[in-house]
Every structure is written in C-alpha cells, then in structure tokens.
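Accompanying notes for the structure given below.
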Amino acid sequence: MKNAKEVVVEKSLMLIAFSAIFMLFLIAVFIFKEGSPLIFKIGLKNFILSAKWSPLEGQFGILAMIIGSLWITAGALVIGVPLGLGCAILLSEFLPRGITAFLKPTIELLAGIPSVVYGFIGVVVLVPFIRERFGGPGLSVLAGSIILGIMILPTIISISIDALQAVPRSYREGSLALGATQWQTISMVTLKAARSGILASIILGMGRAVGETMAVIMVAGNAVKIPNSIFNPARTLTTNIALEMGFATGDHRAALFATGVVLFVIIMILNILANYAFGKRK
Amino acid sequence: MSKISVKKLDIFFGKTHALKNVTLDVSANKVLAAIGPAGSGKTTFLRSLNRLNDLNPDMRYTGKILLDGKNIYDEDVNPVELRRKVGMIFALPIPLPMSICENITYGPKLAGTKNRAELRELVEKSLEDSFLWDEVKDRLDDPAMKLSGGQQQRLCIARTLALKPDVILMDEPCSGLDPISTAKIEEAMTALKKEYTIIIVTNNTKQAARVGDNTAFFLMGELIEYGETGKMFTAPNDKRTEEYISGRFG
C-alpha cells in the first residue's frame, strides 16, 4: 500500500507534466486553427508557390520567403558543417582528453549567447565588410548564412563529439592494428561508425537555422524578392512573421499564422528525421 | 634463431609500473602462451610487440624488443608498417563496420594492393586459412556484423592474415566464445603456426596447455617463469607457477 503523501506527490507531478505537454499541444492547435483557413481559402498552391506578397492587395504568396529560408539555411550548413565537423574530429580524436573536457563545455556555452548579440556583431562587423568587399547592400543572404553558420556550431560540435566518442575503442584499435594510420582510421572507420549521430547533429543544426529569427532580421535585409545571388537581401519565413505581426489584421494576420504552419511542418519533418537518425544508432 | 627477442623491457603508464624487467625469446613457428591473473602485465606485454601501447600518451618504456634482430622501437621504424608485420587479434571480435569482404581487403588496400584479382584471391585464401570460407563464401558482401561471435573472431583472424604478417598476437581470442567456436579457433592456431609465429594471451590455463609450445607465466608485471609448456605444467620451477596452474589463486 502506498501512503497518502506518495500518492499526492505522484499525482501532482503528473499534473505538472501533463499541463506542460498540454500547453504545447494547445499552441500547435492554435497555430493551425488560425493559419490553415487562409491556406484553404486561397489554395495551398497560391500560398506556397506564388512569390507575390502584398497583404494590402490580398496577395499572400510566400515562395520568396521559402526560398529565402532555403538559401540562408543551406548557406549556414555549407559554413557550419565543415567547421563544426572538423572541430569535433580534432577535439574527439586528436587532442588529449583533458583539453577536450575543458573545451567542449566552453563551446556549448556559445549556444547560450542571445541571438540578438550575434545579429549585432553581424550588423557592425560583417555587413559593412561585405558591402565594401563585394558591393551591394551588405545586408544579404551571405551575411545571414555566415551568422547562422556560426550559431549552429555548438549544436553540431557537441553532438558530433558525443557520437565520435561513443565509437568503441576496439574499432580504432582494430583498424590501427591492421596497419592504418590515425587519419585513415578516422576517415574510414570512426566517421563511418558515428555517421548517424553526426547526421542527427547536422539536422538539429539545420532546425536551429530554419527557426532562427532575430539574427536574420538584423543582417539579411528582409526584401520580399526571390534572391538571385548571395549578395542580395532576402526574407525568411520566420522574419516575415516577426516583421509584420505588429500591424497585421484580418487575412494578413491569418497569412502570418499560415507562414507559421509551414515553418511548423518543416521543423517537424527535420525533427522526425533527426530522431530517425538517432534511433538507427541504437 | 629466435623470431622475437625481448630484452630488459620495462613499461610504465604514468606512475604504474606495468611490466618489470622482462627478458624472453620467442621462437619462430611456435605458439607462445602467456598466462597470469588479471593485471599481471601479460596484455601490456602483448601490446608492446606491435607498439599499440604507443596510443597511450602516458606510456614510457626502457629496454629493447628485437624482431628479426631489429629493435622495433628504433626511430626509423614506422609503427604503421610494423603493425602490418605483427598482426593482432583482440579479445572482443569486433569487425569493422563494413562488409565481410571489405573487412579483409581493408588492410591490404591501405598497404597499397590495388589489383582486384589479387585482392579477391587474398580474400579467399585468408578466409580458408581461418576456416571460415565455407560458411561465408556465398555472402561476402553482407555486413560483417551479421556473423556469429565465433565467425566474427575468425573473420578478425582472416583480416589479419590478409596482411601476410610474420607474427600474430592474440589477446584472449576465445574469452567470449562457446566451446565449439573455441575449438575451431584453436584448430586454426595449430594450422597457422606452420607459417606464422603466434603469441597468445589467455586466461584459460587449459587453453595454454592445449595450444602453447612454450608458456610464459606473468605475475604483478614480472615474468615469473618461462619454458616448454609440457615441462611447465608438470614440473614448474617456481612455487607460484604451480599454485596458479593448479588453480590455488588468480
């Protein structure tokens, strides 16, 4: 028999846990309730395959933002993945354990810097640099990609290190005992064995890049136009919501929620992929 | 002439003195069995022969290990090439995360063998020599992880043989295997010693008696006794050897 105190504690913990999940569920329901009627009203095709966004005239096409998000996220991965993976390999395979034990938490701390600070550094340093070197407004896809590429480093590095260190020592020794050098062992055995964890780190980094708003607003220029070069300004799905939510009403407001629905679906897909990649490791 | 000649070898890991003043000769085409309780230094001894102890940054050593008269710790010896000549089988038979065939061609490819016909021949010969060919010949492209534990260990032997080593080191190769798999590996060992010199570390004194031509008994980092297996198991010189073999401690 459980005593009364046990029962009370158990039930109240359950209540707290369920209310947290319930709130998330409510938010999801709310976004879909507010956003999806508009998608049905103007048609999914007109919503995501049209680049005409002029809310005052009732034009709600978010193709430019989808492409903006894709460009900036892809750019962030091009910058963040090689840097992050290289850093993870160095920390996990080459440096002594003591140094890694110190550096890894330090890198994880970078994830705690508010994104507005990254954006501010971008505006002050990166944007003028791009404007002077390459011309154009400086506020651009490239600036957004570089800032986001740096912002996703802690995610990629930290999870990749965990994946590499989870590779059994016997794989490495087995390979070395067969006359492989350290680099051959890493590239042909260790990375191969850790690939699902590394893939998961990249997908989670991608999720972070897709969802980031503040830093992108500050450096990417926010023009509603499909960018045709990395030096053009671009607007992403997230920044579209943040920029216009202050004055949107009626269908316009619904269109911003519908943008949120599209984002929600993208992030969900990325998370499912990441979970699948993680699951394969076990 | 002896194949390997260890002279006054001391090995330290940080402050731990893991191997104390070991001197011993290993004859070619014989099986040397190293026995002793856990922590006796027998595995450290084995891993010094292909310089796998070098991976531990805290390792220091004094003394010499001569392989065919050449000190393997000399500066002009490349440990990567040494490990092709002195192959090693581990206690946990973990194949590399590749197919059966790739596990075997991994080493030779890195050593520069590119000719496909040559590689295929090598795969077949190595698998035959490790008594595995008949069981896997129809599924060489399957992941090696799908094999049973005993098969995996024979695959690990095959991939070592594919490098055409002179010496094969085995670190408790049967510790995780059932008696039938163990018998197969012992059978392979007896066949292999015609071409190779084998050194096996084992926790199983009966296995040492079955496969070892010579036996070395280690205790607390020291080589207590070394000699012909038959003599060591019937009339050991040292009382501690007798006690260990008869199971009174360890």
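As shown in the structure tokens, the chain order sets the letters A, B, ...; within each chain, residues go from 1, and ligands are also counted from 1 in the order they appear.
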
As a count of residues only, please: all residues of region 2-243 of chain B that backbone DSSP puts in alpha helix (DSSP H).
-> 89

If we count only C-alpha atoms, which residues of chain B reach to within 10 Å of chain A? Please list them as a VMD selection string.
-> chain B and resid 47 50 to 52 55 57 79 to 98 103 to 104 106 to 111 156 159 to 163 165

Skip region 235-237 of chain B itself and residues of its chain fewer than 2 positions away, then list as a list in words all residues within 12 Å of it, counting only C-alpha atoms.
-> Thr215, Ala216, Phe217, Ile224, Glu225, Tyr226, Gly227, Glu228, Thr229, Gly230, Lys231, Met232, Phe233, Lys239, Arg240, Thr241, Glu242, Glu243, Tyr244, Ile245 and Ser246 of chain B

Atoms to include: N, CA and C atoms. Write the selected residues as an mmCIF file, in the first residue's frame.
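And here is the file that came out, again_23.cif:
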```cif
data_model
loop_
_atom_site.group_PDB
_atom_site.id
_atom_site.type_symbol
_atom_site.label_atom_id
_atom_site.label_comp_id
_atom_site.auth_asym_id
_atom_site.auth_seq_id
_atom_site.Cartn_x
_atom_site.Cartn_y
_atom_site.Cartn_z
ATOM 1 N N THR B 215 55.281 -21.667 -22.703
ATOM 2 C CA THR B 215 54.379 -20.893 -21.863
ATOM 3 C C THR B 215 55.189 -19.906 -21.033
ATOM 4 N N ALA B 216 54.621 -18.684 -20.885
ATOM 5 C CA ALA B 216 55.244 -17.678 -20.020
ATOM 6 C C ALA B 216 54.230 -17.320 -18.944
ATOM 7 N N PHE B 217 54.668 -17.332 -17.685
ATOM 8 C CA PHE B 217 53.762 -17.007 -16.587
ATOM 9 C C PHE B 217 54.109 -15.634 -16.024
ATOM 10 N N ILE B 224 57.540 -14.549 -14.274
ATOM 11 C CA ILE B 224 57.967 -15.453 -13.203
ATOM 12 C C ILE B 224 58.680 -16.666 -13.771
ATOM 13 N N GLU B 225 58.081 -17.239 -14.804
ATOM 14 C CA GLU B 225 58.678 -18.463 -15.340
ATOM 15 C C GLU B 225 58.370 -18.581 -16.816
ATOM 16 N N TYR B 226 59.318 -19.157 -17.544
ATOM 17 C CA TYR B 226 59.154 -19.254 -18.983
ATOM 18 C C TYR B 226 59.803 -20.538 -19.450
ATOM 19 N N GLY B 227 59.076 -21.362 -20.181
ATOM 20 C CA GLY B 227 59.695 -22.591 -20.668
ATOM 21 C C GLY B 227 58.742 -23.414 -21.495
ATOM 22 N N GLU B 228 59.160 -24.611 -21.775
ATOM 23 C CA GLU B 228 58.365 -25.516 -22.589
ATOM 24 C C GLU B 228 57.063 -25.847 -21.848
ATOM 25 N N THR B 229 55.964 -25.835 -22.579
ATOM 26 C CA THR B 229 54.666 -25.969 -21.926
ATOM 27 C C THR B 229 54.545 -27.279 -21.140
ATOM 28 N N GLY B 230 54.963 -28.380 -21.755
ATOM 29 C CA GLY B 230 54.835 -29.681 -21.103
ATOM 30 C C GLY B 230 55.540 -29.707 -19.755
ATOM 31 N N LYS B 231 56.740 -29.171 -19.747
ATOM 32 C CA LYS B 231 57.517 -29.190 -18.513
ATOM 33 C C LYS B 231 56.901 -28.260 -17.460
ATOM 34 N N MET B 232 56.449 -27.074 -17.957
ATOM 35 C CA MET B 232 55.898 -26.093 -17.026
ATOM 36 C C MET B 232 54.634 -26.630 -16.343
ATOM 37 N N PHE B 233 53.838 -27.366 -17.078
ATOM 38 C CA PHE B 233 52.592 -27.837 -16.483
ATOM 39 C C PHE B 233 52.766 -29.095 -15.641
ATOM 40 N N LYS B 239 57.185 -21.982 -7.200
ATOM 41 C CA LYS B 239 56.010 -22.410 -6.442
ATOM 42 C C LYS B 239 54.755 -21.647 -6.865
ATOM 43 N N ARG B 240 54.936 -20.331 -7.201
ATOM 44 C CA ARG B 240 53.790 -19.512 -7.585
ATOM 45 C C ARG B 240 53.184 -20.007 -8.900
ATOM 46 N N THR B 241 54.058 -20.474 -9.819
ATOM 47 C CA THR B 241 53.553 -21.028 -11.068
ATOM 48 C C THR B 241 52.672 -22.234 -10.790
ATOM 49 N N GLU B 242 53.182 -23.090 -9.930
ATOM 50 C CA GLU B 242 52.433 -24.301 -9.613
ATOM 51 C C GLU B 242 51.078 -23.953 -9.008
ATOM 52 N N GLU B 243 51.096 -22.982 -8.097
ATOM 53 C CA GLU B 243 49.844 -22.594 -7.443
ATOM 54 C C GLU B 243 48.840 -22.021 -8.436
ATOM 55 N N TYR B 244 49.353 -21.209 -9.370
ATOM 56 C CA TYR B 244 48.436 -20.602 -10.348
ATOM 57 C C TYR B 244 47.867 -21.655 -11.280
ATOM 58 N N ILE B 245 48.746 -22.519 -11.775
ATOM 59 C CA ILE B 245 48.297 -23.529 -12.738
ATOM 60 C C ILE B 245 47.293 -24.480 -12.100
ATOM 61 N N SER B 246 47.553 -24.826 -10.848
ATOM 62 C CA SER B 246 46.633 -25.763 -10.204
ATOM 63 C C SER B 246 45.403 -25.052 -9.640
#
```

Expected answer as JSON, numbers by chain: strand (DSSP E or B) residues in region 33-97 of chain A = {"A": [53, 54, 59, 60]}

Which polymer residues have any atom within 9 Å of an atom of Asp129 (chain B), counting only C-alpha atoms, with same-chain residues fewer than 4 positions away left out, as JSON, numbers by chain?
-> {"B": [124, 125, 133, 157, 158, 161, 188, 191, 192]}

May I have the selected residues written with N, CA and C atoms, as a CSV table (one decimal), in the first residue's frame?
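Once written, result10.csv looks like this:
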```csv
chain,number,residue,atom,x,y,z
B,124,GLU,N,39.9,-15.0,-50.5
B,124,GLU,CA,39.6,-16.4,-50.4
B,124,GLU,C,40.6,-17.2,-49.6
B,125,LYS,N,41.9,-16.9,-49.8
B,125,LYS,CA,42.9,-17.6,-49.1
B,125,LYS,C,42.9,-17.3,-47.6
B,133,TRP,N,35.9,-19.9,-44.8
B,133,TRP,CA,35.4,-19.7,-46.2
B,133,TRP,C,34.1,-20.4,-46.5
B,157,ILE,N,40.6,-12.9,-37.6
B,157,ILE,CA,41.9,-13.6,-37.9
B,157,ILE,C,42.2,-13.5,-39.4
B,158,ALA,N,41.1,-13.7,-40.2
B,158,ALA,CA,41.3,-13.7,-41.6
B,158,ALA,C,41.8,-12.3,-42.1
B,161,LEU,N,45.4,-12.1,-41.4
B,161,LEU,CA,46.2,-13.0,-42.3
B,161,LEU,C,46.4,-12.3,-43.6
B,188,ALA,N,42.5,-23.6,-35.9
B,188,ALA,CA,43.2,-22.6,-36.8
B,188,ALA,C,44.6,-22.3,-36.4
B,191,ALA,N,47.1,-24.9,-37.1
B,191,ALA,CA,47.4,-25.0,-38.5
B,191,ALA,C,48.3,-23.8,-38.9
B,192,LEU,N,48.0,-22.6,-38.3
B,192,LEU,CA,48.7,-21.4,-38.7
B,192,LEU,C,50.2,-21.3,-38.3
```

Within 12 Å of Ile226 (chain A) using only C-alpha atoms, minus same-chain residues under 6 positions, as a PyMOL selection string | chain A and resi 49-53+61-72+140-141+232-236

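Atom pair CA of Val216 (chain A) / CA of Phe40 (chain A): separated by 29.4 Å.
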